[in-house]
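What follows is a set of notes on a single structure, which appears directly below.
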Amino acid sequence: MIPDKLVEFLHGPNLMFVGTRDAKLRPAASWAFGALADAANDTVTIFVPDIEGETTFRNLEDNGLVALTVAGAATHEAYQFKGKCLETRPSSEQDHAVQDIYISKLIVQLGPLGYGEEIWSGFVPYPGKAVVFKVEDIFVQTPGPGAGDKLALSD
């Protein structure tokens, strides 16, 4: 199971980038705006905007490999979740509500640091797609001792 601490971390507010690659190993990256973790099933659902996700979606159709990096919006704490895509579907109104909450959390946390609503209102989080993937590995990405360490999925 995904550890409870990381379920909470995934729910934010944290910066999220999804990485994929094509058959020729060319990487692609895009923002993800919000996540929902299902610890019991080791799955994570992320929301990727259509406006920048074309290559990401094509790569997911090709090989399904996903690397999600989640970095603390006001800290250096970071993790990478790697796995295989189970489903890509158009995001729903319910998904949009999750994204709106995610962006609101970012504004509250980062506003005092000069990264408030004027920054986040410029992003277009939807329409987009919900990408559901099975987490196979989790790596520490926080700078310092332990960076790069693989974490065990808890029982």
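Scheme for the structure tokens: letters A, B, ... for chains in order shown; per-chain residue numbers from 1; ligand numbers from 1 in order shown.
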
Which segment 45-130 of chain A residues have any atom within 10 Å of an atom of segment 26-29 of chain A, and for each, what is the nearest pair of atoms with distance in Å to one decimal, counting only C-alpha atoms, rows sorted by chain and number, as a Markdown table?
```
| residue | atom | partner | partner_atom | distance |
| --- | --- | --- | --- | --- |
| A:Glu52 | CA | A:Ala29 | CA | 9.0 |
| A:Gly53 | CA | A:Ala29 | CA | 8.3 |
| A:Glu54 | CA | A:Ala28 | CA | 9.7 |
| A:Thr55 | CA | A:Ala28 | CA | 6.6 |
| A:Thr56 | CA | A:Ala28 | CA | 6.1 |
| A:Phe57 | CA | A:Ala28 | CA | 9.8 |
| A:Asn59 | CA | A:Ala28 | CA | 8.2 |
| A:Ala67 | CA | A:Ala29 | CA | 9.3 |
| A:Leu68 | CA | A:Ala29 | CA | 9.5 |
```

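Residues surrounding segment 103-119 of chain A within 8 Å are Gly12, Pro13, Asn14, Phe33, Gly34, Ala73 and Ala74 of chain A [only C-alpha atoms; sequence separation below 6 positions excluded].
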
Check the DSSP output for the backbone and give back, as a PDB file with N, CA and C atoms, in the first residue's frame, the residues of segment 29-145 of chain A in alpha helix (DSSP H).
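Listed below is the output, out-v1.pdb:
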```
ATOM      1  N   ASP A  50      -5.399  19.223 -21.290  1.00  0.00           N
ATOM      2  CA  ASP A  50      -5.298  18.952 -22.728  1.00  0.00           C
ATOM      3  C   ASP A  50      -4.359  19.928 -23.418  1.00  0.00           C
ATOM      4  N   ILE A  51      -4.330  21.177 -22.943  1.00  0.00           N
ATOM      5  CA  ILE A  51      -3.588  22.230 -23.619  1.00  0.00           C
ATOM      6  C   ILE A  51      -2.099  21.912 -23.741  1.00  0.00           C
ATOM      7  N   GLU A  52      -1.576  21.069 -22.842  1.00  0.00           N
ATOM      8  CA  GLU A  52      -0.155  20.748 -22.921  1.00  0.00           C
ATOM      9  C   GLU A  52       0.122  19.248 -22.868  1.00  0.00           C
ATOM     10  N   GLY A  53      -0.917  18.423 -22.875  1.00  0.00           N
ATOM     11  CA  GLY A  53      -0.718  17.000 -22.656  1.00  0.00           C
ATOM     12  C   GLY A  53      -0.674  16.107 -23.874  1.00  0.00           C
ATOM     13  N   GLU A  54      -0.730  16.667 -25.082  1.00  0.00           N
ATOM     14  CA  GLU A  54      -0.818  15.840 -26.284  1.00  0.00           C
ATOM     15  C   GLU A  54       0.284  14.773 -26.359  1.00  0.00           C
ATOM     16  N   THR A  55       1.523  15.166 -26.174  1.00  0.00           N
ATOM     17  CA  THR A  55       2.628  14.210 -26.260  1.00  0.00           C
ATOM     18  C   THR A  55       2.570  13.222 -25.097  1.00  0.00           C
ATOM     19  N   THR A  56       2.239  13.698 -23.928  1.00  0.00           N
ATOM     20  CA  THR A  56       2.099  12.823 -22.762  1.00  0.00           C
ATOM     21  C   THR A  56       1.053  11.754 -23.021  1.00  0.00           C
ATOM     22  N   PHE A  57      -0.109  12.151 -23.534  1.00  0.00           N
ATOM     23  CA  PHE A  57      -1.183  11.191 -23.779  1.00  0.00           C
ATOM     24  C   PHE A  57      -0.784  10.185 -24.863  1.00  0.00           C
ATOM     25  N   ARG A  58      -0.112  10.653 -25.892  1.00  0.00           N
ATOM     26  CA  ARG A  58       0.340   9.764 -26.961  1.00  0.00           C
ATOM     27  C   ARG A  58       1.337   8.728 -26.414  1.00  0.00           C
ATOM     28  N   ASN A  59       2.258   9.186 -25.568  1.00  0.00           N
ATOM     29  CA  ASN A  59       3.227   8.264 -24.973  1.00  0.00           C
ATOM     30  C   ASN A  59       2.545   7.245 -24.064  1.00  0.00           C
ATOM     31  N   LEU A  60       1.539   7.679 -23.334  1.00  0.00           N
ATOM     32  CA  LEU A  60       0.816   6.743 -22.464  1.00  0.00           C
ATOM     33  C   LEU A  60       0.102   5.677 -23.287  1.00  0.00           C
ATOM     34  N   GLU A  61      -0.459   6.074 -24.425  1.00  0.00           N
ATOM     35  CA  GLU A  61      -1.093   5.099 -25.310  1.00  0.00           C
ATOM     36  C   GLU A  61      -0.061   4.113 -25.850  1.00  0.00           C
ATOM     37  N   ASP A  62       1.147   4.609 -26.127  1.00  0.00           N
ATOM     38  CA  ASP A  62       2.193   3.787 -26.718  1.00  0.00           C
ATOM     39  C   ASP A  62       2.744   2.748 -25.743  1.00  0.00           C
ATOM     40  N   GLU A  93     -16.588  16.789 -14.203  1.00  0.00           N
ATOM     41  CA  GLU A  93     -16.856  17.953 -13.344  1.00  0.00           C
ATOM     42  C   GLU A  93     -16.351  17.699 -11.926  1.00  0.00           C
ATOM     43  N   GLN A  94     -16.494  16.467 -11.449  1.00  0.00           N
ATOM     44  CA  GLN A  94     -15.992  16.110 -10.122  1.00  0.00           C
ATOM     45  C   GLN A  94     -14.463  16.242 -10.080  1.00  0.00           C
ATOM     46  N   ASP A  95     -13.803  15.819 -11.149  1.00  0.00           N
ATOM     47  CA  ASP A  95     -12.349  15.979 -11.241  1.00  0.00           C
ATOM     48  C   ASP A  95     -11.969  17.456 -11.243  1.00  0.00           C
ATOM     49  N   HIS A  96     -12.743  18.272 -11.932  1.00  0.00           N
ATOM     50  CA  HIS A  96     -12.467  19.713 -11.985  1.00  0.00           C
ATOM     51  C   HIS A  96     -12.554  20.326 -10.590  1.00  0.00           C
ATOM     52  N   ALA A  97     -13.490  19.831  -9.777  1.00  0.00           N
ATOM     53  CA  ALA A  97     -13.606  20.322  -8.402  1.00  0.00           C
ATOM     54  C   ALA A  97     -12.341  19.990  -7.610  1.00  0.00           C
ATOM     55  N   VAL A  98     -11.795  18.780  -7.814  1.00  0.00           N
ATOM     56  CA  VAL A  98     -10.542  18.397  -7.156  1.00  0.00           C
ATOM     57  C   VAL A  98      -9.428  19.349  -7.593  1.00  0.00           C
ATOM     58  N   GLN A  99      -9.375  19.654  -8.888  1.00  0.00           N
ATOM     59  CA  GLN A  99      -8.346  20.561  -9.402  1.00  0.00           C
ATOM     60  C   GLN A  99      -8.508  21.960  -8.825  1.00  0.00           C
ATOM     61  N   ASP A 100      -9.734  22.440  -8.720  1.00  0.00           N
ATOM     62  CA  ASP A 100      -9.966  23.771  -8.160  1.00  0.00           C
ATOM     63  C   ASP A 100      -9.506  23.844  -6.705  1.00  0.00           C
ATOM     64  N   ILE A 101      -9.771  22.778  -5.944  1.00  0.00           N
ATOM     65  CA  ILE A 101      -9.321  22.730  -4.549  1.00  0.00           C
ATOM     66  C   ILE A 101      -7.795  22.725  -4.500  1.00  0.00           C
ATOM     67  N   TYR A 102      -7.179  21.932  -5.362  1.00  0.00           N
ATOM     68  CA  TYR A 102      -5.717  21.848  -5.433  1.00  0.00           C
ATOM     69  C   TYR A 102      -5.116  23.235  -5.697  1.00  0.00           C
ATOM     70  N   ILE A 103      -5.645  23.939  -6.680  1.00  0.00           N
ATOM     71  CA  ILE A 103      -5.115  25.268  -7.022  1.00  0.00           C
ATOM     72  C   ILE A 103      -5.364  26.247  -5.881  1.00  0.00           C
ATOM     73  N   SER A 104      -6.510  26.160  -5.223  1.00  0.00           N
ATOM     74  CA  SER A 104      -6.793  27.021  -4.069  1.00  0.00           C
ATOM     75  C   SER A 104      -5.778  26.804  -2.957  1.00  0.00           C
ATOM     76  N   LYS A 105      -5.405  25.533  -2.729  1.00  0.00           N
ATOM     77  CA  LYS A 105      -4.390  25.227  -1.716  1.00  0.00           C
ATOM     78  C   LYS A 105      -3.037  25.836  -2.091  1.00  0.00           C
ATOM     79  N   LEU A 106      -2.685  25.747  -3.380  1.00  0.00           N
ATOM     80  CA  LEU A 106      -1.425  26.341  -3.826  1.00  0.00           C
ATOM     81  C   LEU A 106      -1.423  27.852  -3.584  1.00  0.00           C
ATOM     82  N   ILE A 107      -2.526  28.507  -3.898  1.00  0.00           N
ATOM     83  CA  ILE A 107      -2.625  29.960  -3.723  1.00  0.00           C
ATOM     84  C   ILE A 107      -2.452  30.333  -2.255  1.00  0.00           C
ATOM     85  N   VAL A 108      -3.114  29.597  -1.363  1.00  0.00           N
ATOM     86  CA  VAL A 108      -3.016  29.886   0.070  1.00  0.00           C
ATOM     87  C   VAL A 108      -1.586  29.685   0.558  1.00  0.00           C
ATOM     88  N   GLN A 109      -0.956  28.593   0.143  1.00  0.00           N
ATOM     89  CA  GLN A 109       0.383  28.294   0.639  1.00  0.00           C
ATOM     90  C   GLN A 109       1.457  29.176   0.008  1.00  0.00           C
ATOM     91  N   LEU A 110       1.339  29.423  -1.292  1.00  0.00           N
ATOM     92  CA  LEU A 110       2.405  30.132  -1.999  1.00  0.00           C
ATOM     93  C   LEU A 110       2.155  31.635  -2.147  1.00  0.00           C
ATOM     94  N   GLU A 117      -2.576  34.099  -6.555  1.00  0.00           N
ATOM     95  CA  GLU A 117      -3.617  33.877  -7.558  1.00  0.00           C
ATOM     96  C   GLU A 117      -3.227  34.406  -8.940  1.00  0.00           C
ATOM     97  N   GLU A 118      -2.484  35.504  -8.990  1.00  0.00           N
ATOM     98  CA  GLU A 118      -2.096  36.067 -10.290  1.00  0.00           C
ATOM     99  C   GLU A 118      -1.262  35.083 -11.099  1.00  0.00           C
ATOM    100  N   ILE A 119      -0.525  34.199 -10.442  1.00  0.00           N
ATOM    101  CA  ILE A 119       0.260  33.169 -11.133  1.00  0.00           C
ATOM    102  C   ILE A 119      -0.647  32.008 -11.542  1.00  0.00           C
ATOM    103  N   TRP A 120      -1.355  31.448 -10.577  1.00  0.00           N
ATOM    104  CA  TRP A 120      -2.103  30.207 -10.796  1.00  0.00           C
ATOM    105  C   TRP A 120      -3.353  30.390 -11.641  1.00  0.00           C
TER     106      TRP A 120
END
```

So that I can check the secondary structure, give me every residue of segment 25-89 of chain A assigned strand (DSSP E or B) by backbone DSSP, as an NGL selection string. :A and (27-32 or 35-38 or 43-49 or 65-72 or 78-89)

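Between Pro127 of chain A and the candidates A:Val66, A:Leu86, A:Val48, A:Ala147, the tightest atom-to-atom separation, counting only C-alpha atoms, involves A:Val48.
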
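Reported to one decimal place, the separation of atom CA of Lys134 of chain A from atom CA of Asp42 of chain A is 5.8 Å.
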
I'd like to know which of A:Ile138, A:Val131, A:Ile46, A:Val124 is closest to Lys82 of chain A, using only C-alpha atoms.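 Using only C-alpha atoms, Lys82 of chain A sits closest to A:Ile138.
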
Considering only C-alpha atoms, state which residue in the set A:Thr45, A:Thr20, A:Thr75, A:Ser92 is at the smallest distance from Gly128 of chain A.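 Smallest separation from Gly128 of chain A among the options: A:Ser92.
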
Report, in Å with one decimal, the straight-line distance from atom CA of Ile2 of chain A to atom CA of Ala39 of chain A.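 Calculated distance between atom CA of Ile2 of chain A and atom CA of Ala39 of chain A is 4.7 Å.
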
Near Asn41 of chain A, within 12 Å and counting only C-alpha atoms, which residues show up once chain neighbours fewer than 5 positions away are dropped, as an mmCIF file with N, CA and C atoms, in the first residue's frame?
```
data_model
loop_
_atom_site.group_PDB
_atom_site.id
_atom_site.type_symbol
_atom_site.label_atom_id
_atom_site.label_comp_id
_atom_site.auth_asym_id
_atom_site.auth_seq_id
_atom_site.Cartn_x
_atom_site.Cartn_y
_atom_site.Cartn_z
ATOM 1 N N MET A 1 0.831 -1.191 0.000
ATOM 2 C CA MET A 1 0.000 0.000 0.000
ATOM 3 C C MET A 1 0.872 1.250 0.000
ATOM 4 N N ILE A 2 0.363 2.287 -0.617
ATOM 5 C CA ILE A 2 1.050 3.582 -0.575
ATOM 6 C C ILE A 2 0.978 4.075 0.874
ATOM 7 N N PRO A 3 2.104 4.431 1.481
ATOM 8 C CA PRO A 3 2.092 4.900 2.873
ATOM 9 C C PRO A 3 1.167 6.110 3.061
ATOM 10 N N VAL A 7 0.129 9.475 0.769
ATOM 11 C CA VAL A 7 -1.237 9.767 0.302
ATOM 12 C C VAL A 7 -1.553 11.222 0.610
ATOM 13 N N LEU A 36 -5.394 12.192 -6.773
ATOM 14 C CA LEU A 36 -6.148 11.399 -5.811
ATOM 15 C C LEU A 36 -5.437 10.064 -5.672
ATOM 16 N N LEU A 86 -3.169 2.678 -16.160
ATOM 17 C CA LEU A 86 -4.295 1.763 -16.234
ATOM 18 C C LEU A 86 -5.435 2.328 -17.069
ATOM 19 N N VAL A 132 -4.982 7.441 -14.592
ATOM 20 C CA VAL A 132 -4.916 6.532 -13.451
ATOM 21 C C VAL A 132 -3.751 5.582 -13.687
ATOM 22 N N PHE A 133 -2.837 5.507 -12.707
ATOM 23 C CA PHE A 133 -1.728 4.572 -12.866
ATOM 24 C C PHE A 133 -1.483 3.782 -11.593
ATOM 25 N N LYS A 134 -0.979 2.579 -11.793
ATOM 26 C CA LYS A 134 -0.614 1.677 -10.697
ATOM 27 C C LYS A 134 0.802 2.023 -10.271
ATOM 28 N N VAL A 135 0.986 2.372 -9.010
ATOM 29 C CA VAL A 135 2.303 2.714 -8.487
ATOM 30 C C VAL A 135 3.092 1.431 -8.260
ATOM 31 N N GLU A 136 4.238 1.346 -8.924
ATOM 32 C CA GLU A 136 5.124 0.189 -8.777
ATOM 33 C C GLU A 136 6.343 0.512 -7.928
ATOM 34 N N LEU A 153 6.627 -0.049 -0.504
ATOM 35 C CA LEU A 153 5.197 0.137 -0.348
ATOM 36 C C LEU A 153 4.812 -0.581 0.936
ATOM 37 N N SER A 154 4.105 0.117 1.841
ATOM 38 C CA SER A 154 3.802 -0.464 3.147
ATOM 39 C C SER A 154 2.741 -1.556 3.041
ATOM 40 N N ASP A 155 2.671 -2.384 4.055
ATOM 41 C CA ASP A 155 1.660 -3.446 4.107
ATOM 42 C C ASP A 155 0.410 -2.932 4.777
#
```

Close residues, Leu151 of chain A itself excluded, 9 Å, only C-alpha atoms, min 5 positions apart in chain, as a ChimeraX atom specification: /A:137-140

Could you tell me how far atom CA of Ser91 of chain A lies from atom CA of Lys24 of chain A, in Å and to one decimal?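 Atom CA of Ser91 of chain A sits 28.7 Å away from atom CA of Lys24 of chain A.
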